[in-house]
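Chemist: Below is the structure I would like to discuss, written out as structure tokens.
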Amino acid sequence: MAAMSDAAPHVARDRDLRNRALLRGWLYVVLLVLVALVLVGGATRLTGSGLSITEWKPIHGVIPPLNDAEWQEEFQRYQQIPQYAELNKGMSIEAFKSIFWWEWAHRILARSVGLVFALPLLFFWATRRIERGLGPKLLGILLLGGLQGAIGWWMVASGLVDRVSVSQYRLATHLTLAALIFTATMVVARGLAPHSEPAADRSTQRLAGFLVLLALIQIYLGGLVAGLHAGLSYNTWPLMDGKLIPDDLLLLEPVWRNFFENPKTVQFVHRLGAYAVFAVALWHMVATRWRLSGTTHARRATLLFALVVIQASIGIGTLLMQVPLHMALTHQAFALVLLGFAAAHWRGTKGAYPLPHEIAVRS
């Protein structure tokens with residue numbers, strides 16, 4: 001009996017670790033689908049395809065046009081919006097199909113990530129593999145996904161009347177919420193992973209969390225840049241129009257509108273955001289290596305700074321090359337890599353979630 005009692009904690013620990021490995025693998029698949037979704041969304045925006053489907057049909061919209069009559073019907077709907085009348089008048093049906101497929105793929109991926117998240121979540125819940133305290137986090141991510149679908153249509157609707165493109169405010173909101181869902185998923189996945197080091201000191205944790213916040217803000221600013229095509233305002237670096245601080249930054253009234261509607265100001269602020277991320281990541285690396293030399297925390301902080309340098313280099317290259325599609329998508333993809341690693345690093349400084357059997361023993 002004593003032997004069985006001694007073995008019980010080990011059996012419980014093994015069970016908890018197996019369940020966590022399953023959940024972690026599922027969340028990593030979700031992260032991959034989210035990356036694909038954001039990249040296809042970026043390509044949809046850059047190819048001007050986002051307004052090609054003018055209706056929101058969450059169920060029926062899964063089926064694309066299947067014959068010439070259905071294609072003509074879809075094309076006629078597109079011909080009724082300002083983008084066609086002002087930018088694409090005379091477009092052929094074949095050209096329309098090319099932009100339609102980008103938007104359709106984006107919507108299909110959005111529906112797919114919902115299923116990839118919701119169905120396994122239901123299975124894990126039914127089989128009692130979701131530990132106490134984890135359920136609200138996962139349900140919160142699921143609800144954010146549902147909200148994201150509604151915001152996606154809210155964004156598209158802004159370009160169907162009186163505009164030839166979607167609102168940069170709504171585009172930036174849509175992109176940032178996607179990044180927030182990605183961050184939350186990564187944090188939960190990392191919290192379920194084994195950690196080789198104890199939690200870092202509070203100062204290190206706070207600075208790591210601040211870097212995640214800065215990365216999210218920078219992604220929001222990138223959404224504004226994309227929505228205004230502000231990347232084409234100045235294609236030199238480090239100067240803008242031959243100056244560190246260019247003219248015409250505050251032309252609009254009231255002044256706050258410049259930070260959201262003036263392409264020159266938006267690009268300038270996005271650059272300042274990049275410099276801020278660089279400076280804070282550098283300070284975080286130096287401080288962590290000083291306080292926690294030789295630890296995994298210090299090594300992660302160093303790698304995080306290296307990722308910031310790579311992302312900055314890609315951003316500068318994208319700018320100098322006048323935003324070609326492949327460079328813009330690379331910049332967007334690496335932004336997610338950087339954000340994901342920053343989120344994982346932040347969770348790593350805090351340590352793993354306590355195992356259920358350890359909580360039971362303490363109580």
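Naming works like this for the structure tokens: A, B, ... for the chains as they're shown, residue 1 at the start of each chain, ligands 1 onward in shown order.
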Mind running segment 29-87 of chain A against segment 228-242 of chain A at 12 Å and telling me each contacting residue's nearest atom pair with the distance in Å (one decimal), counting only C-alpha atoms, chain and number ascending, as a Markdown table?

Modeler:
| residue | atom | partner | partner_atom | distance |
| --- | --- | --- | --- | --- |
| A:Arg45 | CA | A:His229 | CA | 10.4 |
| A:Leu46 | CA | A:His229 | CA | 9.4 |
| A:Gly48 | CA | A:His229 | CA | 11.4 |

Chemist: Quick one: residues within 12 Å of Ile310 of chain A, only C-alpha atoms, excluding same-chain residues fewer than 2 positions away - as a ChimeraX atom specification?

Modeler: /A:274,278,303-308,312-317,330-331,334-335,337-338

Chemist: Rounded to one decimal in Å, what is the spacing between atom CA of Met91 of chain A and atom CA of Glu103 of chain A?

Modeler: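 Atom CA of Met91 of chain A sits 16.9 Å away from atom CA of Glu103 of chain A.
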
Chemist: Mind giving me the straight-line distance from atom CA of Ala298 of chain A to atom CA of Leu32 of chain A in Å, one decimal?

Modeler: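 Pair atom CA of Ala298 of chain A / atom CA of Leu32 of chain A returns 26.6 Å.
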
Chemist: Counting only C-alpha atoms, which residue out of A:Pro82, A:Gly351, A:Pro356, A:Pro64 sits closest to Val164 of chain A?

Modeler: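 With only C-alpha atoms as the atom set, the closest residue is A:Pro82.
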